[in-house]
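Asks: Okay, handing you the structure first.
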Amino acid sequence: MIHPRLKMRRPRRLAIKLQIVALATIIFAATSPAWAARNDVVYLKNGDRVTCSVKKLDRGSLRVTTDHMGTVFIDWTQVGGIQASKTYEVELENGTVFYGSFAPGGEEGKLVVASGEKTEELPINEIVWVTEIKQGFIKKLNGSIEFGFNYQKSNNDLNYSISAATGYRTIKNEIDLTFSSILSNRNDSPRAFRNVLEGTYTYYLPRRWHVVGFAKAEQNDELGLDLRTNLGGGAGRWILQTNRSRFGFVGGLTTNREQYIGDPSRQTSVEAFANLGYDFFRHGDLGTDVALALTLYPSLTEDGRYRAELTMKYRQEIVTDLFVSLSGWYSFDNKAPVTPDTTVKQDDYGLVTSLGWEF
């Protein structure tokens, strides 16, 4: 939900361009095909076996593709063994990383990772991340797309939301692109919208450390933002990492360039940032994910100014790859400027429900 402002906004072609570019890029990734041989085997603790192609373990769920059931997510706590000839990256709770294929044998409760003539037996319950080291750009992509829509005949009340995400992962590097757009339009009030486009680069270091760089563009009628851009970077670490949850931090510096509605001038400042993130995930027949993140932006060049952003997301799988989600955000700026045509509000918040597909 977005609270529409009382004054009419001039059309913003940049908003439309951001939506078209972001969605075209992400939808292209979502609809790109990927083929793989189904000659891996996952052994379950109850004695069953699944012939498949092992793709990824993340958030306590092992993703595999099969010939007759499509994509299947297996609760990691039910896995007793894996046999797979491709090369994988395997990470333990303590951040230690191994590379190799999954070989048969090993003690009960352990997986054998083979690299050349060297083998390692790793406790299954300590493995938190497995990803296939793929060849080719398209095969390394993954992500999701979500849509929400609401319409009421009275006052011609229209609300929609679109969000999409795609990621590209190699052994040490990851690139993520996310986009969200929310529009509220009524006959008795002006159009109001919020657009956010963000790209993030992550380089993974030993012991759960990583360095990040990011670029972000945001438009928000409620905050009076015609356009805010951020470009920054920093370092962080996952403090806690298990098959059920993870908690970590990232901190660094960012430039903040802002242009407000009705004010042709642009303001540039330098900010520090500190982010805390917590994810909880549970997977059985259907998966549940909860994510919370708080980011603080104290300004280093504007005396006494600071910004804060709080985001949350609850996602519930309803069938394989299809899910419903509830997302919320709260944005705060303690020194929002006064522009010629309006007094900018200090905060904005909203909730969005949507239906999504994961690929």
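In the structure tokens, chains take the letters A, B, ... in the order shown, each chain's residues start at 1, and ligands count up from 1 in the order shown.
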Near A:Phe179, counting only C-alpha atoms, which residues have an atom at most 7 Å away, once you skip same-chain residues fewer than 4 positions from it, shown as a list of chain:residue names?

Replies: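 My list of contacting residues is A:Ala22, A:Ser163, A:Ala164, A:Ala165, A:Val196, A:Leu197, A:Glu198.
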
Asks: Next, dump the selected residues to file, keeping only C-alpha atoms, as a PDB file, in the first residue's frame.

Replies:
```pdb
ATOM      1  CA  ALA A  22      14.889  -4.194 -15.534  1.00  0.00           C
ATOM      2  CA  SER A 163       9.303  -7.709  -8.465  1.00  0.00           C
ATOM      3  CA  ALA A 164      11.986  -9.861 -10.002  1.00  0.00           C
ATOM      4  CA  ALA A 165      15.424 -11.144  -9.120  1.00  0.00           C
ATOM      5  CA  VAL A 196      13.826   0.214  -6.866  1.00  0.00           C
ATOM      6  CA  LEU A 197      16.513  -1.272  -9.114  1.00  0.00           C
ATOM      7  CA  GLU A 198      19.676  -2.688  -7.530  1.00  0.00           C
TER       8      GLU A 198
END
```

Asks: Which residues are near A:Gly95? Cut-off 12 Å, only C-alpha atoms, ignore same chain within fewer than 2 positions. Put them as a list of chain:residue names.

Replies: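 What passes the distance filter is A:Glu89, A:Val90, A:Glu91, A:Leu92, A:Glu93, A:Val97, A:Phe98, A:Glu126, A:Ile127, A:Val128, A:Trp129, A:Tyr204, A:Leu205, A:Pro206, A:Arg207, A:Arg208, A:Trp209, A:His210, A:Arg237, A:Trp238, A:Ile239, A:Leu240, A:Gln241, A:Thr242.
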
Asks: Could those selected residues go to a file with C-alpha atoms, as a PDB file, in the first residue's frame?

Replies:
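What ended up in out18.pdb:
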```pdb
ATOM      1  CA  GLU A  89      31.235 -26.279  -4.452  1.00  0.00           C
ATOM      2  CA  VAL A  90      30.443 -27.551  -0.935  1.00  0.00           C
ATOM      3  CA  GLU A  91      30.497 -25.263   2.104  1.00  0.00           C
ATOM      4  CA  LEU A  92      30.317 -26.214   5.796  1.00  0.00           C
ATOM      5  CA  GLU A  93      28.834 -24.256   8.704  1.00  0.00           C
ATOM      6  CA  VAL A  97      34.819 -24.816   1.213  1.00  0.00           C
ATOM      7  CA  PHE A  98      35.509 -27.986  -0.787  1.00  0.00           C
ATOM      8  CA  GLU A 126      27.245 -29.527   8.753  1.00  0.00           C
ATOM      9  CA  ILE A 127      26.855 -28.873   5.012  1.00  0.00           C
ATOM     10  CA  VAL A 128      24.940 -25.632   4.365  1.00  0.00           C
ATOM     11  CA  TRP A 129      25.702 -24.887   0.719  1.00  0.00           C
ATOM     12  CA  TYR A 204      33.543 -14.723  -1.430  1.00  0.00           C
ATOM     13  CA  LEU A 205      36.478 -15.091   0.942  1.00  0.00           C
ATOM     14  CA  PRO A 206      37.358 -17.901   3.385  1.00  0.00           C
ATOM     15  CA  ARG A 207      35.609 -18.288   6.759  1.00  0.00           C
ATOM     16  CA  ARG A 208      32.273 -16.797   5.618  1.00  0.00           C
ATOM     17  CA  TRP A 209      33.766 -13.366   4.808  1.00  0.00           C
ATOM     18  CA  HIS A 210      32.902 -11.519   1.597  1.00  0.00           C
ATOM     19  CA  ARG A 237      30.499 -11.841   7.190  1.00  0.00           C
ATOM     20  CA  TRP A 238      27.884 -14.483   7.930  1.00  0.00           C
ATOM     21  CA  ILE A 239      28.185 -14.772  11.703  1.00  0.00           C
ATOM     22  CA  LEU A 240      25.720 -17.659  11.958  1.00  0.00           C
ATOM     23  CA  GLN A 241      25.089 -20.126   9.146  1.00  0.00           C
ATOM     24  CA  THR A 242      23.097 -23.354   9.492  1.00  0.00           C
TER      25      THR A 242
END
```

Asks: Excluding stretch 60-71 of chain A and its own-chain neighbours fewer than 5 positions away, which residues fall within 10 Å of it when counting only C-alpha atoms? Please give them as a count of residues only.

Replies: 37

Asks: Measuring between only C-alpha atoms, which one of A:Arg194, A:Arg315, A:Lys335, A:Lys86 shows the shortest distance to A:Val113?

Replies: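 Of A:Arg194, A:Arg315, A:Lys335, A:Lys86, the one nearest A:Val113, counting only C-alpha atoms, is A:Lys86.
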
Asks: Excluding A:Arg169 and any residue of its chain fewer than 2 positions from it, enumerate the residues within 9 Å of it, using only C-alpha atoms, and give them as a list in words.

Replies: Thr131, Ile133, Lys140, Leu141, Asn142, Gly167, Ile171, Lys172, Asn173, Glu174, Ile175 and Asp176 of chain A

Asks: Mind dumping the selected residues with N, CA and C atoms as an mmCIF file, in the first residue's frame?

Replies:
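Written file, result19.cif:
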```cif
data_model
loop_
_atom_site.group_PDB
_atom_site.id
_atom_site.type_symbol
_atom_site.label_atom_id
_atom_site.label_comp_id
_atom_site.auth_asym_id
_atom_site.auth_seq_id
_atom_site.Cartn_x
_atom_site.Cartn_y
_atom_site.Cartn_z
ATOM 1 N N THR A 131 26.540 -26.085 -4.641
ATOM 2 C CA THR A 131 26.129 -25.552 -5.935
ATOM 3 C C THR A 131 26.977 -26.157 -7.038
ATOM 4 N N ILE A 133 29.142 -26.333 -10.258
ATOM 5 C CA ILE A 133 30.022 -25.441 -11.007
ATOM 6 C C ILE A 133 29.699 -25.641 -12.487
ATOM 7 N N LYS A 140 24.232 -20.691 -15.428
ATOM 8 C CA LYS A 140 24.588 -20.210 -14.090
ATOM 9 C C LYS A 140 23.527 -19.276 -13.499
ATOM 10 N N LEU A 141 22.470 -18.979 -14.272
ATOM 11 C CA LEU A 141 21.452 -18.041 -13.810
ATOM 12 C C LEU A 141 20.383 -18.721 -12.972
ATOM 13 N N ASN A 142 19.839 -17.990 -11.990
ATOM 14 C CA ASN A 142 18.687 -18.433 -11.212
ATOM 15 C C ASN A 142 17.956 -17.197 -10.728
ATOM 16 N N GLY A 167 20.231 -14.106 -10.355
ATOM 17 C CA GLY A 167 21.589 -14.185 -9.844
ATOM 18 C C GLY A 167 22.477 -15.014 -10.746
ATOM 19 N N ILE A 171 32.548 -19.786 -8.908
ATOM 20 C CA ILE A 171 33.175 -20.337 -7.707
ATOM 21 C C ILE A 171 33.358 -19.273 -6.632
ATOM 22 N N LYS A 172 33.867 -18.113 -6.991
ATOM 23 C CA LYS A 172 34.163 -17.079 -5.997
ATOM 24 C C LYS A 172 33.313 -15.821 -6.146
ATOM 25 N N ASN A 173 32.564 -15.710 -7.213
ATOM 26 C CA ASN A 173 31.855 -14.469 -7.510
ATOM 27 C C ASN A 173 30.357 -14.698 -7.642
ATOM 28 N N GLU A 174 29.593 -13.670 -7.289
ATOM 29 C CA GLU A 174 28.147 -13.704 -7.487
ATOM 30 C C GLU A 174 27.667 -12.317 -7.870
ATOM 31 N N ILE A 175 26.802 -12.268 -8.884
ATOM 32 C CA ILE A 175 26.180 -11.025 -9.323
ATOM 33 C C ILE A 175 24.674 -11.180 -9.198
ATOM 34 N N ASP A 176 24.021 -10.238 -8.518
ATOM 35 C CA ASP A 176 22.575 -10.276 -8.315
ATOM 36 C C ASP A 176 21.948 -8.990 -8.826
#
```

Asks: Can you list, as a VMD selection string, all residues belonging to stretch 115-351 of chain A that DSSP tags as strand (DSSP E)?

Replies: chain A and resid 115 118 to 123 127 to 132 141 to 152 157 to 169 173 to 186 189 to 204 209 to 220 225 to 241 245 to 260 267 to 283 287 to 298 306 to 319 322 to 333 338 to 339 342 to 343 347 to 351

Asks: Looking at A:Phe273, A:Phe249, A:Tyr201, A:Tyr43, which one is nearest to A:Pro104, with distances taken over only C-alpha atoms?

Replies: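 Under the stated criterion, the closest residue is A:Tyr43.
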
Asks: A:Leu225, A:Ala293, A:Val212, A:Leu351: which is nearest A:Tyr278, counting only C-alpha atoms?

Replies: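 Of all the options, A:Ala293 lies closest to A:Tyr278.
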
Asks: Neighbours of A:Gly109 within 7 Å (only C-alpha atoms; same-chain residues fewer than 5 positions away dropped), as a count of residues only?

Replies: 3

Asks: I'd like the contact shell of stretch 259-266 of chain A - 6 Å cut-off, only C-alpha atoms, skipping same-chain residues fewer than 3 positions apart - returned as a ChimeraX atom specification.

Replies: /A:224-227,341

Asks: Could you write out the selected residues, including C-alpha atoms, as a PDB file, in the first residue's frame?

Replies:
```pdb
ATOM      1  CA  GLY A 224       9.426  13.115  -2.906  1.00  0.00           C
ATOM      2  CA  LEU A 225      12.273  11.354  -4.714  1.00  0.00           C
ATOM      3  CA  ASP A 226      12.451  11.905  -8.442  1.00  0.00           C
ATOM      4  CA  LEU A 227      15.629   9.818  -8.393  1.00  0.00           C
ATOM      5  CA  ASP A 341       6.488  22.487  -4.647  1.00  0.00           C
TER       6      ASP A 341
END
```

Asks: Could you pull out all residues of stretch 108-256 of chain A with a DSSP call of helix (DSSP H, G or I) and give them as a list in words?

Replies: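 DSSP on the backbone gives helix (DSSP H, G or I) at Ile124, Asn125, Glu126, Ile138, Lys139, Lys140, Ser154, Asn155 and Asn156 of chain A.
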
Asks: Would you write out those residues with N, CA and C atoms, as a CSV table (one decimal), in the first residue's frame?

Replies:
```csv
chain,number,residue,atom,x,y,z
A,124,ILE,N,27.0,-34.6,6.9
A,124,ILE,CA,25.8,-34.1,6.1
A,124,ILE,C,25.2,-32.9,6.9
A,125,ASN,N,25.1,-33.1,8.2
A,125,ASN,CA,24.4,-32.0,9.0
A,125,ASN,C,25.2,-30.8,9.1
A,126,GLU,N,26.4,-30.7,8.7
A,126,GLU,CA,27.2,-29.5,8.8
A,126,GLU,C,27.4,-28.8,7.4
A,138,ILE,N,24.2,-18.9,-19.3
A,138,ILE,CA,22.8,-19.1,-19.1
A,138,ILE,C,22.6,-20.1,-18.0
A,139,LYS,N,23.4,-21.2,-18.0
A,139,LYS,CA,23.2,-22.2,-17.0
A,139,LYS,C,23.5,-21.8,-15.6
A,140,LYS,N,24.2,-20.7,-15.4
A,140,LYS,CA,24.6,-20.2,-14.1
A,140,LYS,C,23.5,-19.3,-13.5
A,154,SER,N,-15.0,1.1,-7.9
A,154,SER,CA,-15.3,2.4,-7.3
A,154,SER,C,-14.0,3.3,-7.3
A,155,ASN,N,-14.0,4.5,-7.8
A,155,ASN,CA,-12.9,5.4,-7.9
A,155,ASN,C,-11.8,4.9,-8.8
A,156,ASN,N,-12.1,3.8,-9.6
A,156,ASN,CA,-11.2,3.2,-10.5
A,156,ASN,C,-9.8,2.9,-9.8
```

Asks: Kindly indicate which residue among A:Gly304, A:Leu231, A:Met312, A:Leu57 lies nearest to A:Thr268, using only C-alpha atoms for the distances.

Replies: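 The closest residue to A:Thr268 is A:Leu231.
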
Asks: Compile the contact shell of A:Ile162 as a list in words: residues with an atom at most 9 Å away, counting only C-alpha atoms, same-chain residues fewer than 6 positions apart removed.

Replies: Leu23, Ile145, Glu146, Phe147, Gly148, Phe149, Phe179, Ser180, Ser181, Ile182 and Ser354 of chain A

Asks: At what distance in Å, to one decimal, does atom CA of A:Glu120 lie from atom CA of A:Ala103?

Replies: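 Computed distance, atom CA of A:Ala103 to atom CA of A:Glu120, equals 9.8 Å.
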
Asks: Looking at only C-alpha atoms, which of A:Ile82, A:Val72, A:Leu355, A:Ala272 is the one that sits closest to A:Arg49?

Replies: A:Ile82

Asks: Go through A:Gly199, A:Gly356, A:Gly350, A:Gly277 one by one, measure the shortest atom-to-atom distance of each to A:Leu183 using only C-alpha atoms, and give the residue with the smallest value.

Replies: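 Closest candidate: A:Gly350.
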